[in-house]
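Engineer: After the structure tokens below, expect a handful of questions from me.
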Amino acid sequence: MTTRTTMLLSLLGLALTATVGGYAHADAAPSPQPISIYLDGQQLQPETRPLNIGGTVLVPMRGLFEAQGAELSWNNASKTVTAVKGGTALTYTLGSSTALLNGKTTQLAVPGQLSQGYSMIPLRFVSEALGSEVSWEPASGSVLISSASAYETSVTWGVNLRSTPDAGSSAASLGLLPAGSKVHVIREVDALWLEVRTADHMRGYVSSKPKFTDYRSPSLLQKQGEALIASGKKYLNTPYEFGASPDQTNTFDCSSFVKRVFGDTLGIELPRVSYDQAQEGRKVGLDELRTGDLLFFTARGLDIGHVAIYAGNNRILHTYSKEQGVHMEDFSSKWKQRFVTARRIL
């Protein structure tokens with residue numbers, strides 16, 4: 001984002017409108033319930049509450065042009081904004097019922113207007129002119145904008161594109177996405193699912209397990225770490241057994257427990273013993289710890305003989321004694337004295 005464009009945006013106070021085409025009708029007054037706006041899965045924060053005019057929702061949305069990759073110019077005398085993205089040029093004069101898209105006159109559903117100190121122009125028209133897709137999610141009252149950015153995420157293992165974020169039989173497969181194909185991530189549904197758009201404009205859901213795509217984000221990694229802890233806590237109080245078979249869940253030792261949690265939750269197959277697990281992922285420092293990281297300790301005279309999962313807030317989840325079995329406890333000084341290394345698998 002250039003300094004010049006940032007200054008233009010600040011002067012304009014640009015706000016864009018989202019046409020939800022008959023989903024709701026109201027007078028030009030603040031909506032009684034907040035409308036959420038998402039651009040590629042990230043929620044945008046309007047400076048004031050949306051308006052709804054005959055099914056067109058007007059939303060103050062500073063910076064949305066640039067968020068979709070457009071460069072802006074503003075003529076204050078004529079109240080005209082011009083947005084350019086690649087080979088697309090959009091020109092609009094505030095208050096007009098038409099705009100120029102690559103020199104051709106195009107009708108707007110609702111004319112732009114000043115409201116509460118903000119310039120409003122149609123989000124659907126603008127976004128689609130810039131190559132984005134706009135949809136309305138009535139259940140949550142959300143406008144979803146998918147930018148026409150490059151298909152940035154690679155499929156690394158053949159994965160089903162599903163109709164709903166569910167691996168069960170109720171979720172129809174829309175087709176298999178082969179390894180090497182590209183998708184655009186619209187949003188992170190939860191720790192296990194991504195909503196995506198394919199290069200041939202199909203829209204659906206794929207597993208977010210690390211095996212299937214190279215998509216990573218801080219928010220997804222945090223969700224997946226929390227999912228690991230939630231999965232591991234289902235085994236609280238399960239008895240400890242040294243050398244427990246990894247093929248059952250009636251008993252665990254420290255490394256069979258970690259192997260089970262990572263495999264069942266995220267499809268990550270770790271080695272059987274803690275020493276080998278400590279060779280996986282990458283090393284991180286104690287000041288970098290994130291939920292889901294693995295902590296390794298000396299035990300039984302071995303340089304590495306014990307493993308635990310960091311649970312956040314200076315807590316660890318592990319098993320090592322028949323008295324306690326699987327349990328949570330503080331990452332206390334007694335453990336820090338035996339600490340050897342931390343590894344980040346996600």
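Numbering starts fresh at 1 for the residues of each chain in the structure tokens, the chains themselves are lettered A, B, ... in the order given, and ligands are numbered from 1 as they appear.
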Name all residues at most 9 Å from A:Phe212 (count only C-alpha atoms; drop same-chain ones fewer than 4 positions away) and give them as number ranges by chain.
Structural biologist: A: 154-159, 179, 206-208
Engineer: Assign secondary structure with DSSP using the backbone only, and return the residues of stretch 143-249 of chain A in strand (DSSP E) as a PyMOL selection string.
Structural biologist: chain A and resi 143-146+153-154+159-162+173-177+182-188+193-198+203-207
Engineer: The selected residues should be written to file as a short mmCIF file (atom, residue, chain, number, x, y, z; two decimals), in the first residue's frame (atoms: N, CA and C atoms).
Structural biologist:
```cif
data_model
loop_
_atom_site.label_atom_id
_atom_site.label_comp_id
_atom_site.auth_asym_id
_atom_site.auth_seq_id
_atom_site.Cartn_x
_atom_site.Cartn_y
_atom_site.Cartn_z
N VAL A 143 -21.80 -11.03 5.01
CA VAL A 143 -21.43 -10.85 3.62
C VAL A 143 -20.03 -11.42 3.45
N LEU A 144 -19.86 -12.34 2.49
CA LEU A 144 -18.59 -13.00 2.26
C LEU A 144 -18.02 -12.52 0.93
N ILE A 145 -16.85 -11.92 0.96
CA ILE A 145 -16.19 -11.43 -0.24
C ILE A 145 -14.95 -12.30 -0.47
N SER A 146 -14.88 -12.88 -1.65
CA SER A 146 -13.71 -13.68 -2.02
C SER A 146 -12.96 -12.92 -3.09
N THR A 153 -2.87 -21.40 -2.49
CA THR A 153 -2.69 -22.61 -1.70
C THR A 153 -2.59 -23.83 -2.60
N SER A 154 -1.55 -24.65 -2.38
CA SER A 154 -1.35 -25.85 -3.18
C SER A 154 -1.89 -27.08 -2.46
N VAL A 159 -7.26 -34.59 -2.25
CA VAL A 159 -8.24 -34.34 -1.20
C VAL A 159 -9.62 -34.11 -1.81
N ASN A 160 -10.65 -34.59 -1.14
CA ASN A 160 -12.02 -34.39 -1.61
C ASN A 160 -12.48 -32.95 -1.36
N LEU A 161 -13.10 -32.36 -2.37
CA LEU A 161 -13.81 -31.10 -2.20
C LEU A 161 -15.24 -31.47 -1.81
N ARG A 162 -15.66 -31.04 -0.62
CA ARG A 162 -16.95 -31.48 -0.08
C ARG A 162 -17.96 -30.35 -0.05
N SER A 173 -19.27 -35.44 -1.99
CA SER A 173 -18.00 -35.08 -2.61
C SER A 173 -18.28 -34.38 -3.93
N LEU A 174 -17.69 -33.20 -4.10
CA LEU A 174 -17.84 -32.44 -5.34
C LEU A 174 -16.74 -32.78 -6.33
N GLY A 175 -15.85 -33.67 -5.91
CA GLY A 175 -14.76 -34.08 -6.78
C GLY A 175 -13.46 -34.17 -6.01
N LEU A 176 -12.49 -34.87 -6.59
CA LEU A 176 -11.18 -35.02 -5.98
C LEU A 176 -10.24 -33.97 -6.53
N LEU A 177 -9.60 -33.21 -5.64
CA LEU A 177 -8.60 -32.24 -6.05
C LEU A 177 -7.25 -32.93 -5.99
N LYS A 182 -4.39 -25.98 -7.39
CA LYS A 182 -4.36 -24.76 -6.60
C LYS A 182 -5.77 -24.37 -6.18
N VAL A 183 -5.88 -23.82 -4.97
CA VAL A 183 -7.16 -23.31 -4.47
C VAL A 183 -6.93 -21.97 -3.79
N HIS A 184 -8.00 -21.22 -3.67
CA HIS A 184 -7.98 -19.98 -2.89
C HIS A 184 -8.78 -20.22 -1.62
N VAL A 185 -8.18 -19.96 -0.46
CA VAL A 185 -8.86 -20.16 0.82
C VAL A 185 -9.74 -18.95 1.10
N ILE A 186 -11.05 -19.20 1.18
CA ILE A 186 -12.01 -18.15 1.48
C ILE A 186 -12.03 -17.87 2.98
N ARG A 187 -12.06 -18.94 3.79
CA ARG A 187 -12.06 -18.75 5.24
C ARG A 187 -11.69 -20.05 5.93
N GLU A 188 -11.25 -19.93 7.17
CA GLU A 188 -11.01 -21.07 8.04
C GLU A 188 -12.30 -21.36 8.79
N TRP A 193 -11.25 -27.65 8.92
CA TRP A 193 -11.84 -27.43 7.60
C TRP A 193 -11.55 -26.03 7.07
N LEU A 194 -11.34 -25.98 5.76
CA LEU A 194 -11.18 -24.72 5.03
C LEU A 194 -12.27 -24.62 3.97
N GLU A 195 -12.85 -23.43 3.83
CA GLU A 195 -13.73 -23.18 2.69
C GLU A 195 -12.85 -22.62 1.57
N VAL A 196 -12.95 -23.21 0.38
CA VAL A 196 -12.05 -22.84 -0.70
C VAL A 196 -12.80 -22.62 -2.00
N ARG A 197 -12.12 -21.93 -2.92
CA ARG A 197 -12.59 -21.80 -4.29
C ARG A 197 -11.51 -22.36 -5.21
N THR A 198 -11.91 -23.20 -6.16
CA THR A 198 -10.95 -23.82 -7.06
C THR A 198 -10.72 -22.93 -8.28
N ARG A 203 -16.77 -24.15 -5.49
CA ARG A 203 -16.65 -23.70 -4.11
C ARG A 203 -17.07 -24.83 -3.19
N GLY A 204 -16.27 -25.11 -2.16
CA GLY A 204 -16.59 -26.18 -1.24
C GLY A 204 -15.62 -26.19 -0.08
N TYR A 205 -15.47 -27.35 0.55
CA TYR A 205 -14.69 -27.47 1.78
C TYR A 205 -13.66 -28.59 1.64
N VAL A 206 -12.44 -28.33 2.15
CA VAL A 206 -11.41 -29.35 2.17
C VAL A 206 -10.83 -29.45 3.57
N SER A 207 -10.27 -30.60 3.87
CA SER A 207 -9.63 -30.80 5.17
C SER A 207 -8.44 -29.85 5.31
#
```
Engineer: May I have a table of the residues of stretch 196-289 of chain A lying at most 9 Å from stretch 306-319 of chain A, giving each one's closest pair of atoms and their distance in Å to one decimal, counting only C-alpha atoms, ordered by chain and ascending residue number, as a Markdown table?
Structural biologist:
```
| residue | atom | partner | partner_atom | distance |
| --- | --- | --- | --- | --- |
| A:Gly225 | CA | A:Ala311 | CA | 8.0 |
| A:Glu226 | CA | A:Ala311 | CA | 7.6 |
| A:Leu228 | CA | A:Ile309 | CA | 8.7 |
| A:Ile229 | CA | A:Ala311 | CA | 6.2 |
| A:Gly232 | CA | A:Leu317 | CA | 7.6 |
| A:Lys233 | CA | A:Leu317 | CA | 7.9 |
| A:Asn237 | CA | A:Thr319 | CA | 8.9 |
| A:Thr238 | CA | A:Thr319 | CA | 8.7 |
| A:Pro239 | CA | A:Thr319 | CA | 8.4 |
| A:Tyr240 | CA | A:Thr319 | CA | 6.4 |
| A:Phe252 | CA | A:Thr319 | CA | 7.4 |
| A:Asp253 | CA | A:Thr319 | CA | 6.3 |
| A:Cys254 | CA | A:Thr319 | CA | 5.1 |
| A:Ser255 | CA | A:Val307 | CA | 6.2 |
| A:Phe257 | CA | A:His318 | CA | 7.5 |
| A:Val258 | CA | A:Ile309 | CA | 7.3 |
| A:Val273 | CA | A:His306 | CA | 8.9 |
| A:Ser274 | CA | A:Val307 | CA | 5.9 |
| A:Tyr275 | CA | A:His306 | CA | 8.2 |
| A:Gln277 | CA | A:Val307 | CA | 8.5 |
| A:Ala278 | CA | A:Val307 | CA | 8.4 |
| A:Leu289 | CA | A:Tyr310 | CA | 7.5 |
```
Engineer: Taking N, CA, C and O atoms for each residue, export the selection above as a PDB file, in the first residue's frame.
Structural biologist:
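Just written: out-v8.pdb:
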```pdb
ATOM      1  N   GLY A 225      -3.649 -26.359  17.413  1.00  0.00           N
ATOM      2  CA  GLY A 225      -3.028 -26.667  18.700  1.00  0.00           C
ATOM      3  C   GLY A 225      -4.068 -26.896  19.780  1.00  0.00           C
ATOM      4  O   GLY A 225      -3.967 -27.832  20.590  1.00  0.00           O
ATOM      5  N   GLU A 226      -5.085 -26.051  19.799  1.00  0.00           N
ATOM      6  CA  GLU A 226      -6.161 -26.200  20.779  1.00  0.00           C
ATOM      7  C   GLU A 226      -6.947 -27.489  20.532  1.00  0.00           C
ATOM      8  O   GLU A 226      -7.403 -28.140  21.487  1.00  0.00           O
ATOM      9  N   LEU A 228      -5.663 -30.258  19.381  1.00  0.00           N
ATOM     10  CA  LEU A 228      -4.830 -31.334  19.923  1.00  0.00           C
ATOM     11  C   LEU A 228      -5.054 -31.497  21.423  1.00  0.00           C
ATOM     12  O   LEU A 228      -5.198 -32.622  21.927  1.00  0.00           O
ATOM     13  N   ILE A 229      -5.088 -30.376  22.142  1.00  0.00           N
ATOM     14  CA  ILE A 229      -5.287 -30.450  23.594  1.00  0.00           C
ATOM     15  C   ILE A 229      -6.675 -30.987  23.922  1.00  0.00           C
ATOM     16  O   ILE A 229      -6.837 -31.834  24.814  1.00  0.00           O
ATOM     17  N   GLY A 232      -6.596 -34.665  23.370  1.00  0.00           N
ATOM     18  CA  GLY A 232      -5.829 -35.357  24.403  1.00  0.00           C
ATOM     19  C   GLY A 232      -6.549 -35.420  25.735  1.00  0.00           C
ATOM     20  O   GLY A 232      -6.451 -36.412  26.468  1.00  0.00           O
ATOM     21  N   LYS A 233      -7.315 -34.364  26.049  1.00  0.00           N
ATOM     22  CA  LYS A 233      -8.028 -34.332  27.331  1.00  0.00           C
ATOM     23  C   LYS A 233      -9.144 -35.363  27.412  1.00  0.00           C
ATOM     24  O   LYS A 233      -9.616 -35.682  28.496  1.00  0.00           O
ATOM     25  N   ASN A 237      -6.855 -39.338  32.833  1.00  0.00           N
ATOM     26  CA  ASN A 237      -6.908 -40.432  33.816  1.00  0.00           C
ATOM     27  C   ASN A 237      -6.727 -41.817  33.206  1.00  0.00           C
ATOM     28  O   ASN A 237      -6.777 -42.820  33.936  1.00  0.00           O
ATOM     29  N   THR A 238      -6.529 -41.899  31.876  1.00  0.00           N
ATOM     30  CA  THR A 238      -6.230 -43.206  31.282  1.00  0.00           C
ATOM     31  C   THR A 238      -4.925 -43.728  31.889  1.00  0.00           C
ATOM     32  O   THR A 238      -3.929 -42.994  31.973  1.00  0.00           O
ATOM     33  N   PRO A 239      -4.885 -44.988  32.313  1.00  0.00           N
ATOM     34  CA  PRO A 239      -3.708 -45.507  33.025  1.00  0.00           C
ATOM     35  C   PRO A 239      -2.419 -45.453  32.200  1.00  0.00           C
ATOM     36  O   PRO A 239      -2.435 -45.571  30.975  1.00  0.00           O
ATOM     37  N   TYR A 240      -1.313 -45.284  32.922  1.00  0.00           N
ATOM     38  CA  TYR A 240       0.022 -45.299  32.323  1.00  0.00           C
ATOM     39  C   TYR A 240       0.536 -46.732  32.280  1.00  0.00           C
ATOM     40  O   TYR A 240       0.382 -47.506  33.234  1.00  0.00           O
ATOM     41  N   PHE A 252      -1.483 -45.885  28.040  1.00  0.00           N
ATOM     42  CA  PHE A 252      -0.502 -45.117  27.262  1.00  0.00           C
ATOM     43  C   PHE A 252       0.793 -45.016  28.025  1.00  0.00           C
ATOM     44  O   PHE A 252       0.799 -45.028  29.264  1.00  0.00           O
ATOM     45  N   ASP A 253       1.889 -44.895  27.282  1.00  0.00           N
ATOM     46  CA  ASP A 253       3.072 -44.250  27.863  1.00  0.00           C
ATOM     47  C   ASP A 253       3.185 -42.880  27.198  1.00  0.00           C
ATOM     48  O   ASP A 253       2.335 -42.520  26.371  1.00  0.00           O
ATOM     49  N   CYS A 254       4.204 -42.109  27.579  1.00  0.00           N
ATOM     50  CA  CYS A 254       4.231 -40.712  27.133  1.00  0.00           C
ATOM     51  C   CYS A 254       4.226 -40.575  25.616  1.00  0.00           C
ATOM     52  O   CYS A 254       3.470 -39.768  25.050  1.00  0.00           O
ATOM     53  N   SER A 255       5.031 -41.377  24.931  1.00  0.00           N
ATOM     54  CA  SER A 255       5.157 -41.206  23.482  1.00  0.00           C
ATOM     55  C   SER A 255       4.011 -41.853  22.712  1.00  0.00           C
ATOM     56  O   SER A 255       3.627 -41.363  21.640  1.00  0.00           O
ATOM     57  N   PHE A 257       0.998 -41.878  23.768  1.00  0.00           N
ATOM     58  CA  PHE A 257      -0.082 -40.894  23.937  1.00  0.00           C
ATOM     59  C   PHE A 257       0.056 -39.768  22.918  1.00  0.00           C
ATOM     60  O   PHE A 257      -0.905 -39.412  22.223  1.00  0.00           O
ATOM     61  N   VAL A 258       1.265 -39.215  22.801  1.00  0.00           N
ATOM     62  CA  VAL A 258       1.498 -38.129  21.842  1.00  0.00           C
ATOM     63  C   VAL A 258       1.248 -38.612  20.418  1.00  0.00           C
ATOM     64  O   VAL A 258       0.616 -37.921  19.611  1.00  0.00           O
ATOM     65  N   VAL A 273       8.757 -43.576  19.569  1.00  0.00           N
ATOM     66  CA  VAL A 273       9.439 -43.266  20.831  1.00  0.00           C
ATOM     67  C   VAL A 273       9.831 -41.789  20.882  1.00  0.00           C
ATOM     68  O   VAL A 273      10.020 -41.135  19.851  1.00  0.00           O
ATOM     69  N   SER A 274       9.966 -41.267  22.103  1.00  0.00           N
ATOM     70  CA  SER A 274      10.173 -39.834  22.302  1.00  0.00           C
ATOM     71  C   SER A 274      11.475 -39.341  21.666  1.00  0.00           C
ATOM     72  O   SER A 274      11.527 -38.227  21.127  1.00  0.00           O
ATOM     73  N   TYR A 275      12.559 -40.159  21.719  1.00  0.00           N
ATOM     74  CA  TYR A 275      13.824 -39.716  21.136  1.00  0.00           C
ATOM     75  C   TYR A 275      13.662 -39.418  19.649  1.00  0.00           C
ATOM     76  O   TYR A 275      14.150 -38.402  19.141  1.00  0.00           O
ATOM     77  N   GLN A 277      10.748 -38.815  18.137  1.00  0.00           N
ATOM     78  CA  GLN A 277       9.799 -37.708  17.988  1.00  0.00           C
ATOM     79  C   GLN A 277      10.514 -36.363  18.084  1.00  0.00           C
ATOM     80  O   GLN A 277      10.114 -35.390  17.452  1.00  0.00           O
ATOM     81  N   ALA A 278      11.588 -36.323  18.869  1.00  0.00           N
ATOM     82  CA  ALA A 278      12.332 -35.079  19.070  1.00  0.00           C
ATOM     83  C   ALA A 278      13.132 -34.668  17.840  1.00  0.00           C
ATOM     84  O   ALA A 278      13.719 -33.587  17.818  1.00  0.00           O
ATOM     85  N   LEU A 289       6.957 -20.692  22.792  1.00  0.00           N
ATOM     86  CA  LEU A 289       6.036 -21.825  22.853  1.00  0.00           C
ATOM     87  C   LEU A 289       4.617 -21.454  22.442  1.00  0.00           C
ATOM     88  O   LEU A 289       4.091 -20.405  22.813  1.00  0.00           O
TER      89      LEU A 289
END
```
Engineer: Considering only C-alpha atoms, return as a list in words whatever protein or nucleic-acid residues lie within 10 Å of A:Phe339, sequence-local ones (same chain, fewer than 5 positions apart) excluded.
Structural biologist: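 Selected residues are Leu286, Leu295, Phe296, Phe297, Thr298, Ala299, Asp303, Ile304, His306, Val307, Phe331, Ser333 and Lys334 of chain A.
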Engineer: Convert the current residue selection to file output with all heavy atoms, as a tab-separated table (two decimals), in the first residue's frame.
Structural biologist:
```tsv
chain	number	residue	atom	x	y	z
A	286	LEU	N	11.83	-21.70	24.55
A	286	LEU	CA	10.78	-21.64	25.57
A	286	LEU	C	10.00	-20.34	25.49
A	286	LEU	O	8.82	-20.30	25.86
A	286	LEU	CB	11.40	-21.79	26.96
A	286	LEU	CG	11.90	-23.20	27.33
A	286	LEU	CD1	12.48	-23.21	28.74
A	286	LEU	CD2	10.78	-24.22	27.22
A	295	LEU	N	7.33	-30.88	24.10
A	295	LEU	CA	8.42	-30.61	25.04
A	295	LEU	C	9.09	-31.94	25.39
A	295	LEU	O	8.41	-32.93	25.70
A	295	LEU	CB	7.88	-29.96	26.31
A	295	LEU	CG	7.07	-28.66	26.12
A	295	LEU	CD1	6.50	-28.21	27.45
A	295	LEU	CD2	7.94	-27.57	25.51
A	296	PHE	N	10.42	-31.95	25.38
A	296	PHE	CA	11.16	-33.18	25.64
A	296	PHE	C	12.07	-33.00	26.86
A	296	PHE	O	12.65	-31.94	27.07
A	296	PHE	CB	11.99	-33.56	24.41
A	296	PHE	CG	11.13	-33.92	23.22
A	296	PHE	CD1	10.74	-32.93	22.32
A	296	PHE	CD2	10.69	-35.21	23.02
A	296	PHE	CE1	9.94	-33.24	21.23
A	296	PHE	CE2	9.90	-35.54	21.94
A	296	PHE	CZ	9.51	-34.55	21.04
A	297	PHE	N	12.18	-34.10	27.63
A	297	PHE	CA	12.87	-34.05	28.92
A	297	PHE	C	13.77	-35.27	29.08
A	297	PHE	O	13.55	-36.32	28.46
A	297	PHE	CB	11.84	-34.05	30.06
A	297	PHE	CG	10.80	-32.98	29.95
A	297	PHE	CD1	9.60	-33.21	29.25
A	297	PHE	CD2	10.98	-31.73	30.52
A	297	PHE	CE1	8.63	-32.23	29.15
A	297	PHE	CE2	10.02	-30.74	30.41
A	297	PHE	CZ	8.84	-31.00	29.72
A	298	THR	N	14.77	-35.12	29.97
A	298	THR	CA	15.56	-36.27	30.38
A	298	THR	C	14.69	-37.17	31.26
A	298	THR	O	13.81	-36.69	31.99
A	298	THR	CB	16.80	-35.85	31.18
A	298	THR	OG1	16.38	-35.09	32.33
A	298	THR	CG2	17.72	-34.98	30.33
A	299	ALA	N	14.93	-38.48	31.20
A	299	ALA	CA	14.18	-39.43	32.04
A	299	ALA	C	14.86	-40.79	31.96
A	299	ALA	O	15.42	-41.15	30.91
A	299	ALA	CB	12.74	-39.55	31.57
A	303	ASP	N	19.09	-39.14	27.65
A	303	ASP	CA	19.13	-37.72	27.29
A	303	ASP	C	17.73	-37.22	26.97
A	303	ASP	O	17.35	-36.10	27.34
A	303	ASP	CB	20.05	-37.50	26.10
A	303	ASP	CG	21.51	-37.70	26.45
A	303	ASP	OD1	21.82	-37.66	27.65
A	303	ASP	OD2	22.32	-37.92	25.54
A	304	ILE	N	16.96	-38.01	26.24
A	304	ILE	CA	15.55	-37.72	26.00
A	304	ILE	C	14.76	-38.98	26.31
A	304	ILE	O	14.92	-40.01	25.64
A	304	ILE	CB	15.29	-37.27	24.55
A	304	ILE	CG1	15.93	-35.91	24.29
A	304	ILE	CG2	13.79	-37.21	24.27
A	304	ILE	CD1	15.77	-35.41	22.87
A	306	HIS	N	11.31	-38.53	27.83
A	306	HIS	CA	9.91	-38.17	28.13
A	306	HIS	C	9.47	-37.05	27.19
A	306	HIS	O	10.27	-36.18	26.81
A	306	HIS	CB	9.76	-37.73	29.58
A	306	HIS	CG	8.35	-37.37	29.95
A	306	HIS	ND1	7.33	-38.29	29.92
A	306	HIS	CD2	7.79	-36.18	30.33
A	306	HIS	CE1	6.19	-37.69	30.28
A	306	HIS	NE2	6.45	-36.41	30.52
A	307	VAL	N	8.17	-37.07	26.85
A	307	VAL	CA	7.60	-36.05	25.98
A	307	VAL	C	6.25	-35.61	26.54
A	307	VAL	O	5.51	-36.41	27.10
A	307	VAL	CB	7.44	-36.57	24.53
A	307	VAL	CG1	6.54	-37.80	24.46
A	307	VAL	CG2	6.92	-35.47	23.60
A	331	PHE	N	3.84	-26.41	33.93
A	331	PHE	CA	5.19	-26.57	33.44
A	331	PHE	C	6.12	-25.91	34.46
A	331	PHE	O	6.60	-24.80	34.29
A	331	PHE	CB	5.30	-25.92	32.05
A	331	PHE	CG	6.63	-26.11	31.36
A	331	PHE	CD1	7.50	-27.13	31.72
A	331	PHE	CD2	7.00	-25.25	30.34
A	331	PHE	CE1	8.72	-27.30	31.08
A	331	PHE	CE2	8.22	-25.40	29.68
A	331	PHE	CZ	9.08	-26.42	30.06
A	333	SER	N	9.12	-25.63	37.69
A	333	SER	CA	10.59	-25.60	37.73
A	333	SER	C	11.17	-27.02	37.70
A	333	SER	O	12.24	-27.25	37.13
A	333	SER	CB	11.08	-24.86	38.97
A	333	SER	OG	10.58	-25.46	40.15
A	334	LYS	N	10.47	-27.99	38.28
A	334	LYS	CA	11.00	-29.36	38.28
A	334	LYS	C	11.09	-29.91	36.86
A	334	LYS	O	12.01	-30.68	36.53
A	334	LYS	CB	10.16	-30.27	39.17
A	334	LYS	CG	8.84	-30.71	38.59
A	334	LYS	CD	8.19	-31.80	39.43
A	334	LYS	CE	6.90	-32.30	38.78
A	334	LYS	NZ	6.29	-33.39	39.55
```
Engineer: Could you tell me which of A:Gly103, A:Pro46, A:Pro210, A:Pro34 comes closest to A:Leu266 if we count only C-alpha atoms?
Structural biologist: A:Pro210
Engineer: Using atom CA of A:Met328 and atom CA of A:Ser231 as the two end points, give the distance in Å to one decimal.
Structural biologist: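 Atom CA of A:Met328 sits 12.9 Å away from atom CA of A:Ser231.
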Engineer: Could you go through stretch 12-194 of chain A and tell me which residues DSSP, when run on the backbone, assigns to helix (DSSP H, G or I), listing them as a list in words?
Structural biologist: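 The helix (DSSP H, G or I) residues within stretch 12-194 of chain A come out as Leu12, Leu64, Phe65, Glu66, Ala67, Leu123, Arg124, Phe125, Val126, Ser127, Glu128 and Ala129 of chain A.
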Engineer: Can you write out the residues you just picked, keeping C-alpha atoms, as an mmCIF file, in the first residue's frame?
Structural biologist:
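Contents of the output file selection-v2.cif:
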```
data_model
loop_
_atom_site.group_PDB
_atom_site.id
_atom_site.type_symbol
_atom_site.label_atom_id
_atom_site.label_comp_id
_atom_site.auth_asym_id
_atom_site.auth_seq_id
_atom_site.Cartn_x
_atom_site.Cartn_y
_atom_site.Cartn_z
ATOM 1 C CA LEU A 12 -12.307 9.596 1.178
ATOM 2 C CA LEU A 64 -11.589 -2.303 0.866
ATOM 3 C CA PHE A 65 -10.496 -1.162 -2.600
ATOM 4 C CA GLU A 66 -6.852 -1.653 -1.710
ATOM 5 C CA ALA A 67 -7.620 -4.868 0.160
ATOM 6 C CA LEU A 123 -19.766 -3.278 -2.640
ATOM 7 C CA ARG A 124 -21.167 -6.014 -4.863
ATOM 8 C CA PHE A 125 -20.736 -3.955 -8.007
ATOM 9 C CA VAL A 126 -17.257 -2.752 -7.058
ATOM 10 C CA SER A 127 -16.029 -6.140 -5.835
ATOM 11 C CA GLU A 128 -17.332 -8.058 -8.834
ATOM 12 C CA ALA A 129 -15.919 -5.413 -11.183
#
```
Engineer: Any idea what's packed within 12 Å of A:Ala139, counting only C-alpha atoms, ignoring anything in its chain fewer than 3 positions away? Could you give it as JSON, numbers by chain?
Structural biologist: {"A": [23, 35, 36, 136, 142, 143]}
Engineer: For atom CA of A:Tyr320 and atom CA of A:Leu236, determine how far apart the two atoms are, in Å to one decimal place.
Structural biologist: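 It comes out at 12.4 Å.
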Engineer: Atom CA of A:Gly86 and atom CA of A:Leu72 are how many Å apart?
Structural biologist: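 So the two atoms, atom CA of A:Gly86 and atom CA of A:Leu72, lie 12.4 Å apart.
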Engineer: Could you check the closest approach to A:Leu100 for each of A:Thr56, A:Gln116, A:Thr82, A:Ser321 and tell me which residue wins, using only C-alpha atoms?
Structural biologist: A:Thr82
Engineer: Hey, what's within 9 Å of A:Gln222 if we count only C-alpha atoms and toss same-chain stuff fewer than 6 positions away? As a PyMOL selection string, please?
Structural biologist: chain A and resi 191+290-292
Engineer: How about saving the chosen residues, N, CA, C and O atoms kept, as a PDB file, in the first residue's frame?
Structural biologist:
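File part10.pdb, as written:
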```
ATOM      1  N   ALA A 191     -10.713 -25.755  13.131  1.00  0.00           N
ATOM      2  CA  ALA A 191      -9.370 -26.335  13.119  1.00  0.00           C
ATOM      3  C   ALA A 191      -9.175 -27.367  12.022  1.00  0.00           C
ATOM      4  O   ALA A 191      -8.046 -27.641  11.615  1.00  0.00           O
ATOM      5  N   ARG A 290       4.006 -22.374  21.699  1.00  0.00           N
ATOM      6  CA  ARG A 290       2.637 -22.219  21.234  1.00  0.00           C
ATOM      7  C   ARG A 290       1.891 -23.506  21.560  1.00  0.00           C
ATOM      8  O   ARG A 290       2.474 -24.599  21.578  1.00  0.00           O
ATOM      9  N   THR A 291       0.613 -23.392  21.823  1.00  0.00           N
ATOM     10  CA  THR A 291      -0.203 -24.564  22.131  1.00  0.00           C
ATOM     11  C   THR A 291      -0.027 -25.618  21.046  1.00  0.00           C
ATOM     12  O   THR A 291      -0.146 -25.333  19.857  1.00  0.00           O
ATOM     13  N   GLY A 292       0.289 -26.851  21.467  1.00  0.00           N
ATOM     14  CA  GLY A 292       0.500 -27.953  20.534  1.00  0.00           C
ATOM     15  C   GLY A 292       1.957 -28.295  20.300  1.00  0.00           C
ATOM     16  O   GLY A 292       2.264 -29.337  19.711  1.00  0.00           O
TER      17      GLY A 292
END
```
